[in-house]
Amino acid sequence: MADYMDTTSQEHSLSRRTLLAASALTPALSATGTAAQTTPSNGKVAIVTGSSRGIGAATAKRLAQDGFRVTVNCVVNRDLAAGVVREIEAAGGEAIWEQADVSDPASVRRLFDVTERAFGGTDVVVANAGIMRLAPFADMTDEDFDHMVAVNLKGGFNTLREAARRVREGGRIFTTSSSITTLRSPTYGPYAATKGSMELFANILAKELQGRMVSVNAIAPGVVATSLFLDGKTEQQVAGFVQRTPHGRLGEPADIAAAISLLCSQGGWWVNGQTVLANGGIV
Ligand SMILES: NC(=O)c1ccc[n+]([C@@H]2O[C@H](COP(=O)([O-])OP(=O)(O)OC[C@H]3O[C@@H](n4cnc5c(N)ncnc54)[C@H](OP(=O)(O)O)[C@@H]3O)[C@@H](O)[C@H]2O)c1
């Protein structure tokens, strides 16, 4: 959107800028997050880690719809990442994709380098990439524990470190937590710990960036219909979560993307250092 993150500007006329901003604040257009029409560039650039599918893909598409040039990221599913880029381009947006394992600091640096070479800088970073392995403490394997720490905790740190170094004045940075940090259900222990750390990271980084007009927040989705949540769950288990959700359905990736879009709009900047529970009211 034209007035995205224009936090240093004091005056805004009721103009096309305002109208475009208003459209950025409307709820997700559809459950699939498909952009309905071409939107002019807002001159800003976003990196969304883990955006080949799920919440990240919806976020990349939504931000492109809002006018951002976007870098899409995957770790293995290159074809899916390329598909997200094609969808963005078909809707009139600009995007590139880059394979980079967020648990590897050098790969994350490359992700930012490639973005800067393609688009000239970075204004928004959504540290979204994540994995979930569930088991009671007694059964959790070292391999699953270490993998979650590497991707969720170290990957989140690697991404935030680069974001802290590079995001331009007036930008936005998001970590991805989970409402499980409040729900605290059995089998979620180590996963919830990696997600809770994202809330601490966002709050502390927001303070460290004092004076740069960059807002940093943790997004905490609830239950969202992606493979991360659905894989390994019975229909009955899923129905149990739906029953606990006031809106009577699982979240869709586009619901989370819409919340991130909202915080990227001009009016969203005062929300800073917070954990934003985008969960349909499940907690
Ligand atoms: N779904 C939920 O109910 C829910 C709830 C709360 C929080 N969350 C959080 O939301 C985020 C996205 O979850 P999701 O449900 O959209 O998951 P998803 O559908 O499983 O997608 C995960 C994404 O992360 C990427 N990824 C995984 N490991 C990576 C790595 N090492 N480096 C770079 N990218 C990597 C995947 O890339 P490939 O396609 O290449 O594998 C994919 O794009 C996660 O941080 C998750 O913890 C999800």
# chains A, B, ... in the order shown; residues from 1 in each chain; ligands from 1

$ residues_near_ligand --ligand "ligand 1" --cutoff "6 Å" --atoms "only C-alpha atoms and all ligand atoms" --output "MDAnalysis selection string"
chainID A and resid 49:56 74:77 100:103 128:131 151 176:178 220:229

$ write_last_selection --atoms "C-alpha atoms" --output "mmCIF file, in the first residue's frame"
data_model
loop_
_atom_site.group_PDB
_atom_site.id
_atom_site.type_symbol
_atom_site.label_atom_id
_atom_site.label_comp_id
_atom_site.auth_asym_id
_atom_site.auth_seq_id
_atom_site.Cartn_x
_atom_site.Cartn_y
_atom_site.Cartn_z
ATOM 1 C CA THR A 49 11.010 -17.139 5.715
ATOM 2 C CA GLY A 50 9.314 -20.490 5.216
ATOM 3 C CA SER A 51 6.942 -19.143 2.581
ATOM 4 C CA SER A 52 6.752 -22.039 0.146
ATOM 5 C CA ARG A 53 3.508 -23.157 1.808
ATOM 6 C CA GLY A 54 1.229 -22.647 4.804
ATOM 7 C CA ILE A 55 1.146 -19.392 6.732
ATOM 8 C CA GLY A 56 4.324 -18.098 5.121
ATOM 9 C CA CYS A 74 11.947 -22.544 1.293
ATOM 10 C CA VAL A 75 14.307 -25.165 2.639
ATOM 11 C CA VAL A 76 13.430 -28.129 0.403
ATOM 12 C CA ASN A 77 10.280 -27.419 -1.610
ATOM 13 C CA ALA A 100 17.918 -21.042 2.484
ATOM 14 C CA ASP A 101 17.949 -23.127 5.641
ATOM 15 C CA VAL A 102 17.245 -20.655 8.443
ATOM 16 C CA SER A 103 19.205 -22.778 10.910
ATOM 17 C CA ASN A 128 7.979 -17.542 9.975
ATOM 18 C CA ALA A 129 9.899 -20.743 9.153
ATOM 19 C CA GLY A 130 9.232 -23.402 11.736
ATOM 20 C CA ILE A 131 8.695 -27.069 12.437
ATOM 21 C CA VAL A 151 15.039 -24.402 13.054
ATOM 22 C CA THR A 176 6.318 -16.394 14.907
ATOM 23 C CA SER A 177 5.231 -17.732 18.239
ATOM 24 C CA SER A 178 2.138 -19.853 18.876
ATOM 25 C CA ALA A 220 1.012 -16.149 17.849
ATOM 26 C CA PRO A 221 -1.405 -18.108 15.645
ATOM 27 C CA GLY A 222 -3.793 -20.597 17.169
ATOM 28 C CA VAL A 223 -4.784 -23.691 15.224
ATOM 29 C CA VAL A 224 -4.252 -23.099 11.517
ATOM 30 C CA ALA A 225 -5.095 -25.550 8.741
ATOM 31 C CA THR A 226 -1.598 -26.344 7.486
ATOM 32 C CA SER A 227 0.375 -29.554 7.337
ATOM 33 C CA LEU A 228 2.277 -28.485 10.460
ATOM 34 C CA PHE A 229 -0.933 -28.617 12.484
#

$ residues_around --residues "Tyr188 in chain A" --least-positions-apart "3" --cutoff "9 Å" --atoms "only C-alpha atoms" --output "list in words"
Met132, Arg133, Leu134, Ala135, Pro136, Phe137, Ile180, Arg184, Ser185, Tyr191, Ala192 and Ala193 of chain A

$ residues_around --residues "Asn272 in chain A" --least-positions-apart "3" --cutoff "8 Å" --atoms "only C-alpha atoms" --output "count of residues only"
6

$ atom_distance --atom1 "CA of Ala118 in chain A" --atom2 "CA of Ala163 in chain A"
16.7 Å

$ closest_residue --among "A:Val84, A:Ala202, A:Val72, A:Val124" --to "Gln99 in chain A" --atoms "only C-alpha atoms"
A:Val72

$ closest_residue --among "A:Val108, A:Leu153, A:Leu205, A:Ala257" --to "Ala60 in chain A" --atoms "only C-alpha atoms"
A:Ala257

$ closest_residue --among "A:Gly196, A:Pro246, A:Gly121, A:Gly232" --to "Gly280 in chain A" --atoms "only C-alpha atoms"
A:Pro246

$ closest_residue --among "A:Val85, A:Leu277, A:Val126, A:Leu80" --to "Thr182 in chain A" --atoms "only C-alpha atoms"
A:Leu277

$ select_by_dssp --residues "range 92-159 of chain A" --states "alpha helix (DSSP H)" --output "list in words"
Pro105, Ala106, Ser107, Val108, Arg109, Arg110, Leu111, Phe112, Asp113, Val114, Thr115, Glu116, Arg117, Ala118, Phe119, Asp142, Glu143, Asp144, Phe145, Asp146, His147, Met148, Gly155, Gly156, Phe157, Asn158 and Thr159 of chain A

$ write_last_selection --atoms "N, CA and C atoms" --output "PDB file, in the first residue's frame"
ATOM      1  N   PRO A 105      23.432 -19.785   9.636  1.00  0.00           N
ATOM      2  CA  PRO A 105      23.606 -18.324   9.574  1.00  0.00           C
ATOM      3  C   PRO A 105      24.055 -17.825   8.195  1.00  0.00           C
ATOM      4  N   ALA A 106      24.943 -18.569   7.553  1.00  0.00           N
ATOM      5  CA  ALA A 106      25.436 -18.122   6.243  1.00  0.00           C
ATOM      6  C   ALA A 106      24.310 -18.111   5.208  1.00  0.00           C
ATOM      7  N   SER A 107      23.422 -19.098   5.289  1.00  0.00           N
ATOM      8  CA  SER A 107      22.294 -19.148   4.354  1.00  0.00           C
ATOM      9  C   SER A 107      21.355 -17.966   4.576  1.00  0.00           C
ATOM     10  N   VAL A 108      21.165 -17.618   5.825  1.00  0.00           N
ATOM     11  CA  VAL A 108      20.282 -16.491   6.135  1.00  0.00           C
ATOM     12  C   VAL A 108      20.904 -15.186   5.627  1.00  0.00           C
ATOM     13  N   ARG A 109      22.219 -15.052   5.794  1.00  0.00           N
ATOM     14  CA  ARG A 109      22.883 -13.845   5.257  1.00  0.00           C
ATOM     15  C   ARG A 109      22.683 -13.774   3.745  1.00  0.00           C
ATOM     16  N   ARG A 110      22.805 -14.939   3.093  1.00  0.00           N
ATOM     17  CA  ARG A 110      22.618 -14.973   1.634  1.00  0.00           C
ATOM     18  C   ARG A 110      21.197 -14.578   1.253  1.00  0.00           C
ATOM     19  N   LEU A 111      20.221 -15.022   2.037  1.00  0.00           N
ATOM     20  CA  LEU A 111      18.822 -14.680   1.772  1.00  0.00           C
ATOM     21  C   LEU A 111      18.644 -13.151   1.753  1.00  0.00           C
ATOM     22  N   PHE A 112      19.258 -12.498   2.725  1.00  0.00           N
ATOM     23  CA  PHE A 112      19.163 -11.029   2.787  1.00  0.00           C
ATOM     24  C   PHE A 112      19.982 -10.389   1.660  1.00  0.00           C
ATOM     25  N   ASP A 113      21.167 -10.945   1.387  1.00  0.00           N
ATOM     26  CA  ASP A 113      22.000 -10.391   0.303  1.00  0.00           C
ATOM     27  C   ASP A 113      21.266 -10.443  -1.025  1.00  0.00           C
ATOM     28  N   VAL A 114      20.671 -11.596  -1.303  1.00  0.00           N
ATOM     29  CA  VAL A 114      19.963 -11.791  -2.579  1.00  0.00           C
ATOM     30  C   VAL A 114      18.798 -10.796  -2.677  1.00  0.00           C
ATOM     31  N   THR A 115      18.115 -10.610  -1.572  1.00  0.00           N
ATOM     32  CA  THR A 115      16.981  -9.662  -1.548  1.00  0.00           C
ATOM     33  C   THR A 115      17.465  -8.247  -1.824  1.00  0.00           C
ATOM     34  N   GLU A 116      18.561  -7.877  -1.180  1.00  0.00           N
ATOM     35  CA  GLU A 116      19.069  -6.516  -1.369  1.00  0.00           C
ATOM     36  C   GLU A 116      19.552  -6.300  -2.794  1.00  0.00           C
ATOM     37  N   ARG A 117      20.158  -7.331  -3.363  1.00  0.00           N
ATOM     38  CA  ARG A 117      20.608  -7.184  -4.761  1.00  0.00           C
ATOM     39  C   ARG A 117      19.417  -7.051  -5.706  1.00  0.00           C
ATOM     40  N   ALA A 118      18.363  -7.804  -5.434  1.00  0.00           N
ATOM     41  CA  ALA A 118      17.199  -7.791  -6.330  1.00  0.00           C
ATOM     42  C   ALA A 118      16.343  -6.545  -6.145  1.00  0.00           C
ATOM     43  N   PHE A 119      16.162  -6.127  -4.888  1.00  0.00           N
ATOM     44  CA  PHE A 119      15.150  -5.102  -4.605  1.00  0.00           C
ATOM     45  C   PHE A 119      15.710  -3.848  -3.925  1.00  0.00           C
ATOM     46  N   ASP A 142      16.044 -37.131  20.963  1.00  0.00           N
ATOM     47  CA  ASP A 142      17.066 -36.078  20.867  1.00  0.00           C
ATOM     48  C   ASP A 142      17.021 -35.434  19.491  1.00  0.00           C
ATOM     49  N   GLU A 143      16.811 -36.269  18.480  1.00  0.00           N
ATOM     50  CA  GLU A 143      16.819 -35.764  17.101  1.00  0.00           C
ATOM     51  C   GLU A 143      15.714 -34.725  16.887  1.00  0.00           C
ATOM     52  N   ASP A 144      14.502 -35.048  17.337  1.00  0.00           N
ATOM     53  CA  ASP A 144      13.388 -34.111  17.160  1.00  0.00           C
ATOM     54  C   ASP A 144      13.600 -32.848  17.989  1.00  0.00           C
ATOM     55  N   PHE A 145      14.076 -33.024  19.197  1.00  0.00           N
ATOM     56  CA  PHE A 145      14.337 -31.859  20.055  1.00  0.00           C
ATOM     57  C   PHE A 145      15.365 -30.947  19.398  1.00  0.00           C
ATOM     58  N   ASP A 146      16.468 -31.541  18.970  1.00  0.00           N
ATOM     59  CA  ASP A 146      17.548 -30.738  18.384  1.00  0.00           C
ATOM     60  C   ASP A 146      17.101 -30.055  17.097  1.00  0.00           C
ATOM     61  N   HIS A 147      16.276 -30.766  16.317  1.00  0.00           N
ATOM     62  CA  HIS A 147      15.809 -30.184  15.049  1.00  0.00           C
ATOM     63  C   HIS A 147      14.938 -28.955  15.322  1.00  0.00           C
ATOM     64  N   MET A 148      14.044 -29.057  16.302  1.00  0.00           N
ATOM     65  CA  MET A 148      13.191 -27.901  16.622  1.00  0.00           C
ATOM     66  C   MET A 148      14.019 -26.725  17.130  1.00  0.00           C
ATOM     67  N   GLY A 155      17.105 -20.707  14.139  1.00  0.00           N
ATOM     68  CA  GLY A 155      16.657 -20.096  12.876  1.00  0.00           C
ATOM     69  C   GLY A 155      16.000 -18.748  13.119  1.00  0.00           C
ATOM     70  N   GLY A 156      15.202 -18.683  14.180  1.00  0.00           N
ATOM     71  CA  GLY A 156      14.586 -17.399  14.528  1.00  0.00           C
ATOM     72  C   GLY A 156      15.649 -16.371  14.875  1.00  0.00           C
ATOM     73  N   PHE A 157      16.636 -16.803  15.653  1.00  0.00           N
ATOM     74  CA  PHE A 157      17.727 -15.893  16.019  1.00  0.00           C
ATOM     75  C   PHE A 157      18.510 -15.437  14.788  1.00  0.00           C
ATOM     76  N   ASN A 158      18.884 -16.394  13.935  1.00  0.00           N
ATOM     77  CA  ASN A 158      19.652 -16.036  12.731  1.00  0.00           C
ATOM     78  C   ASN A 158      18.918 -14.989  11.904  1.00  0.00           C
ATOM     79  N   THR A 159      17.607 -15.174  11.785  1.00  0.00           N
ATOM     80  CA  THR A 159      16.804 -14.267  10.957  1.00  0.00           C
ATOM     81  C   THR A 159      16.681 -12.893  11.610  1.00  0.00           C
TER      82      THR A 159
END

$ atom_distance --atom1 "CA of Lys61 in chain A" --atom2 "CA of Ala239 in chain A"
28.2 Å

$ atom_distance --atom1 "CA of Thr175 in chain A" --atom2 "CA of Pro40 in chain A"
26.8 Å

$ closest_residue --among "A:Val238, A:Ala95, A:Ile260, A:Leu63" --to "Ala82 in chain A" --atoms "only C-alpha atoms"
A:Ala95

$ closest_residue --among "A:Asp255, A:Glu169, A:Glu87, A:Glu94" --to "Gly211 in chain A" --atoms "only C-alpha atoms"
A:Glu169

$ select_by_dssp --residues "range 45-281 of chain A" --states "strand (DSSP E or B)" --output "PyMOL selection string"
chain A and resi 45-48+69-74+95-99+124-127+172-176+215-221+224+251+275-278

$ write_last_selection --atoms "C-alpha atoms" --output "PDB file, in the first residue's frame"
ATOM      1  CA  VAL A  45      10.495  -4.981   0.353  1.00  0.00           C
ATOM      2  CA  ALA A  46       9.569  -7.963   2.503  1.00  0.00           C
ATOM      3  CA  ILE A  47      11.330 -11.239   3.283  1.00  0.00           C
ATOM      4  CA  VAL A  48       9.119 -14.069   4.538  1.00  0.00           C
ATOM      5  CA  ARG A  69       8.208  -6.774  -3.410  1.00  0.00           C
ATOM      6  CA  VAL A  70       8.686 -10.094  -1.707  1.00  0.00           C
ATOM      7  CA  THR A  71      11.372 -12.710  -1.243  1.00  0.00           C
ATOM      8  CA  VAL A  72       9.872 -16.163  -0.834  1.00  0.00           C
ATOM      9  CA  ASN A  73      11.937 -18.763   1.015  1.00  0.00           C
ATOM     10  CA  CYS A  74      11.947 -22.544   1.293  1.00  0.00           C
ATOM     11  CA  ALA A  95       8.756 -11.612  -6.085  1.00  0.00           C
ATOM     12  CA  ILE A  96      11.809 -13.825  -6.114  1.00  0.00           C
ATOM     13  CA  TRP A  97      12.457 -17.063  -4.268  1.00  0.00           C
ATOM     14  CA  GLU A  98      15.552 -18.328  -2.535  1.00  0.00           C
ATOM     15  CA  GLN A  99      16.323 -21.659  -0.927  1.00  0.00           C
ATOM     16  CA  VAL A 124       9.781  -6.104   6.526  1.00  0.00           C
ATOM     17  CA  VAL A 125      11.028  -9.445   7.803  1.00  0.00           C
ATOM     18  CA  VAL A 126       8.639 -12.199   8.817  1.00  0.00           C
ATOM     19  CA  ALA A 127      10.613 -14.907  10.635  1.00  0.00           C
ATOM     20  CA  ARG A 172       8.574  -4.080  10.680  1.00  0.00           C
ATOM     21  CA  ILE A 173       9.961  -7.342  12.041  1.00  0.00           C
ATOM     22  CA  PHE A 174       7.852 -10.327  13.063  1.00  0.00           C
ATOM     23  CA  THR A 175       8.730 -13.459  14.927  1.00  0.00           C
ATOM     24  CA  THR A 176       6.318 -16.394  14.907  1.00  0.00           C
ATOM     25  CA  SER A 215       8.305  -2.171  15.231  1.00  0.00           C
ATOM     26  CA  VAL A 216       8.972  -5.753  16.263  1.00  0.00           C
ATOM     27  CA  ASN A 217       6.202  -8.133  17.280  1.00  0.00           C
ATOM     28  CA  ALA A 218       5.575 -11.820  17.771  1.00  0.00           C
ATOM     29  CA  ILE A 219       2.574 -13.255  15.956  1.00  0.00           C
ATOM     30  CA  ALA A 220       1.012 -16.149  17.849  1.00  0.00           C
ATOM     31  CA  PRO A 221      -1.405 -18.108  15.645  1.00  0.00           C
ATOM     32  CA  VAL A 224      -4.252 -23.099  11.517  1.00  0.00           C
ATOM     33  CA  GLY A 251      -7.709 -20.657  11.235  1.00  0.00           C
ATOM     34  CA  THR A 275       2.812 -10.845  21.293  1.00  0.00           C
ATOM     35  CA  VAL A 276      -0.239 -10.648  19.062  1.00  0.00           C
ATOM     36  CA  LEU A 277      -2.474 -13.680  19.515  1.00  0.00           C
ATOM     37  CA  ALA A 278      -4.099 -14.140  16.111  1.00  0.00           C
TER      38      ALA A 278
END

$ decode --residues "range 175-206 of chain A" --atoms "N, CA and C atoms" --output "PDB file, in the first residue's frame"
ATOM      1  N   THR A 175       8.382 -12.084  14.617  1.00  0.00           N
ATOM      2  CA  THR A 175       8.730 -13.459  14.927  1.00  0.00           C
ATOM      3  C   THR A 175       7.425 -14.255  14.929  1.00  0.00           C
ATOM      4  N   THR A 176       7.536 -15.579  14.898  1.00  0.00           N
ATOM      5  CA  THR A 176       6.318 -16.394  14.907  1.00  0.00           C
ATOM      6  C   THR A 176       6.317 -17.274  16.138  1.00  0.00           C
ATOM      7  N   SER A 177       5.434 -16.915  17.042  1.00  0.00           N
ATOM      8  CA  SER A 177       5.231 -17.732  18.239  1.00  0.00           C
ATOM      9  C   SER A 177       4.058 -18.667  17.978  1.00  0.00           C
ATOM     10  N   SER A 178       3.316 -18.988  19.003  1.00  0.00           N
ATOM     11  CA  SER A 178       2.138 -19.853  18.876  1.00  0.00           C
ATOM     12  C   SER A 178       1.288 -19.661  20.121  1.00  0.00           C
ATOM     13  N   SER A 179      -0.006 -19.781  19.969  1.00  0.00           N
ATOM     14  CA  SER A 179      -0.887 -19.675  21.137  1.00  0.00           C
ATOM     15  C   SER A 179      -0.687 -20.840  22.095  1.00  0.00           C
ATOM     16  N   ILE A 180       0.108 -21.828  21.687  1.00  0.00           N
ATOM     17  CA  ILE A 180       0.397 -22.955  22.574  1.00  0.00           C
ATOM     18  C   ILE A 180       1.188 -22.479  23.794  1.00  0.00           C
ATOM     19  N   THR A 181       1.836 -21.319  23.683  1.00  0.00           N
ATOM     20  CA  THR A 181       2.561 -20.800  24.849  1.00  0.00           C
ATOM     21  C   THR A 181       1.584 -20.423  25.963  1.00  0.00           C
ATOM     22  N   THR A 182       0.318 -20.202  25.584  1.00  0.00           N
ATOM     23  CA  THR A 182      -0.727 -19.962  26.590  1.00  0.00           C
ATOM     24  C   THR A 182      -1.526 -21.233  26.869  1.00  0.00           C
ATOM     25  N   LEU A 183      -1.826 -22.004  25.808  1.00  0.00           N
ATOM     26  CA  LEU A 183      -2.626 -23.229  25.958  1.00  0.00           C
ATOM     27  C   LEU A 183      -1.904 -24.306  26.782  1.00  0.00           C
ATOM     28  N   ARG A 184      -0.597 -24.459  26.492  1.00  0.00           N
ATOM     29  CA  ARG A 184       0.273 -25.373  27.252  1.00  0.00           C
ATOM     30  C   ARG A 184      -0.267 -26.800  27.330  1.00  0.00           C
ATOM     31  N   SER A 185      -0.596 -27.359  26.169  1.00  0.00           N
ATOM     32  CA  SER A 185      -1.149 -28.722  26.117  1.00  0.00           C
ATOM     33  C   SER A 185      -0.044 -29.765  26.233  1.00  0.00           C
ATOM     34  N   PRO A 186      -0.383 -30.945  26.779  1.00  0.00           N
ATOM     35  CA  PRO A 186       0.594 -32.034  26.835  1.00  0.00           C
ATOM     36  C   PRO A 186       1.146 -32.341  25.445  1.00  0.00           C
ATOM     37  N   THR A 187       2.354 -32.796  25.387  1.00  0.00           N
ATOM     38  CA  THR A 187       3.153 -33.178  24.196  1.00  0.00           C
ATOM     39  C   THR A 187       3.778 -31.982  23.473  1.00  0.00           C
ATOM     40  N   TYR A 188       3.385 -30.781  23.847  1.00  0.00           N
ATOM     41  CA  TYR A 188       3.885 -29.593  23.144  1.00  0.00           C
ATOM     42  C   TYR A 188       5.109 -28.954  23.822  1.00  0.00           C
ATOM     43  N   GLY A 189       5.624 -29.557  24.910  1.00  0.00           N
ATOM     44  CA  GLY A 189       6.644 -28.905  25.729  1.00  0.00           C
ATOM     45  C   GLY A 189       7.806 -28.269  24.973  1.00  0.00           C
ATOM     46  N   PRO A 190       8.650 -29.075  24.305  1.00  0.00           N
ATOM     47  CA  PRO A 190       9.805 -28.480  23.638  1.00  0.00           C
ATOM     48  C   PRO A 190       9.414 -27.519  22.510  1.00  0.00           C
ATOM     49  N   TYR A 191       8.382 -27.859  21.751  1.00  0.00           N
ATOM     50  CA  TYR A 191       7.916 -26.939  20.688  1.00  0.00           C
ATOM     51  C   TYR A 191       7.497 -25.609  21.309  1.00  0.00           C
ATOM     52  N   ALA A 192       6.679 -25.675  22.367  1.00  0.00           N
ATOM     53  CA  ALA A 192       6.194 -24.449  23.008  1.00  0.00           C
ATOM     54  C   ALA A 192       7.365 -23.611  23.533  1.00  0.00           C
ATOM     55  N   ALA A 193       8.408 -24.280  24.010  1.00  0.00           N
ATOM     56  CA  ALA A 193       9.576 -23.542  24.517  1.00  0.00           C
ATOM     57  C   ALA A 193      10.255 -22.772  23.387  1.00  0.00           C
ATOM     58  N   THR A 194      10.374 -23.402  22.223  1.00  0.00           N
ATOM     59  CA  THR A 194      11.006 -22.680  21.093  1.00  0.00           C
ATOM     60  C   THR A 194      10.126 -21.523  20.648  1.00  0.00           C
ATOM     61  N   LYS A 195       8.814 -21.677  20.748  1.00  0.00           N
ATOM     62  CA  LYS A 195       7.901 -20.611  20.319  1.00  0.00           C
ATOM     63  C   LYS A 195       7.873 -19.470  21.344  1.00  0.00           C
ATOM     64  N   GLY A 196       7.896 -19.834  22.634  1.00  0.00           N
ATOM     65  CA  GLY A 196       7.909 -18.807  23.675  1.00  0.00           C
ATOM     66  C   GLY A 196       9.141 -17.916  23.553  1.00  0.00           C
ATOM     67  N   SER A 197      10.239 -18.508  23.119  1.00  0.00           N
ATOM     68  CA  SER A 197      11.460 -17.704  22.963  1.00  0.00           C
ATOM     69  C   SER A 197      11.268 -16.627  21.892  1.00  0.00           C
ATOM     70  N   MET A 198      10.388 -16.863  20.936  1.00  0.00           N
ATOM     71  CA  MET A 198      10.143 -15.863  19.894  1.00  0.00           C
ATOM     72  C   MET A 198       9.443 -14.632  20.470  1.00  0.00           C
ATOM     73  N   GLU A 199       8.668 -14.832  21.515  1.00  0.00           N
ATOM     74  CA  GLU A 199       7.998 -13.697  22.162  1.00  0.00           C
ATOM     75  C   GLU A 199       9.030 -12.840  22.908  1.00  0.00           C
ATOM     76  N   LEU A 200       9.965 -13.513  23.581  1.00  0.00           N
ATOM     77  CA  LEU A 200      11.046 -12.785  24.256  1.00  0.00           C
ATOM     78  C   LEU A 200      11.903 -12.040  23.249  1.00  0.00           C
ATOM     79  N   PHE A 201      12.246 -12.715  22.158  1.00  0.00           N
ATOM     80  CA  PHE A 201      13.082 -12.089  21.126  1.00  0.00           C
ATOM     81  C   PHE A 201      12.430 -10.809  20.609  1.00  0.00           C
ATOM     82  N   ALA A 202      11.136 -10.886  20.314  1.00  0.00           N
ATOM     83  CA  ALA A 202      10.450  -9.724  19.721  1.00  0.00           C
ATOM     84  C   ALA A 202      10.452  -8.551  20.699  1.00  0.00           C
ATOM     85  N   ASN A 203      10.149  -8.851  21.947  1.00  0.00           N
ATOM     86  CA  ASN A 203      10.061  -7.782  22.938  1.00  0.00           C
ATOM     87  C   ASN A 203      11.412  -7.117  23.181  1.00  0.00           C
ATOM     88  N   ILE A 204      12.449  -7.930  23.266  1.00  0.00           N
ATOM     89  CA  ILE A 204      13.780  -7.380  23.559  1.00  0.00           C
ATOM     90  C   ILE A 204      14.352  -6.666  22.335  1.00  0.00           C
ATOM     91  N   LEU A 205      14.149  -7.245  21.148  1.00  0.00           N
ATOM     92  CA  LEU A 205      14.667  -6.583  19.942  1.00  0.00           C
ATOM     93  C   LEU A 205      13.967  -5.249  19.722  1.00  0.00           C
ATOM     94  N   ALA A 206      12.674  -5.182  20.015  1.00  0.00           N
ATOM     95  CA  ALA A 206      11.946  -3.908  19.860  1.00  0.00           C
ATOM     96  C   ALA A 206      12.654  -2.806  20.650  1.00  0.00           C
TER      97      ALA A 206
END
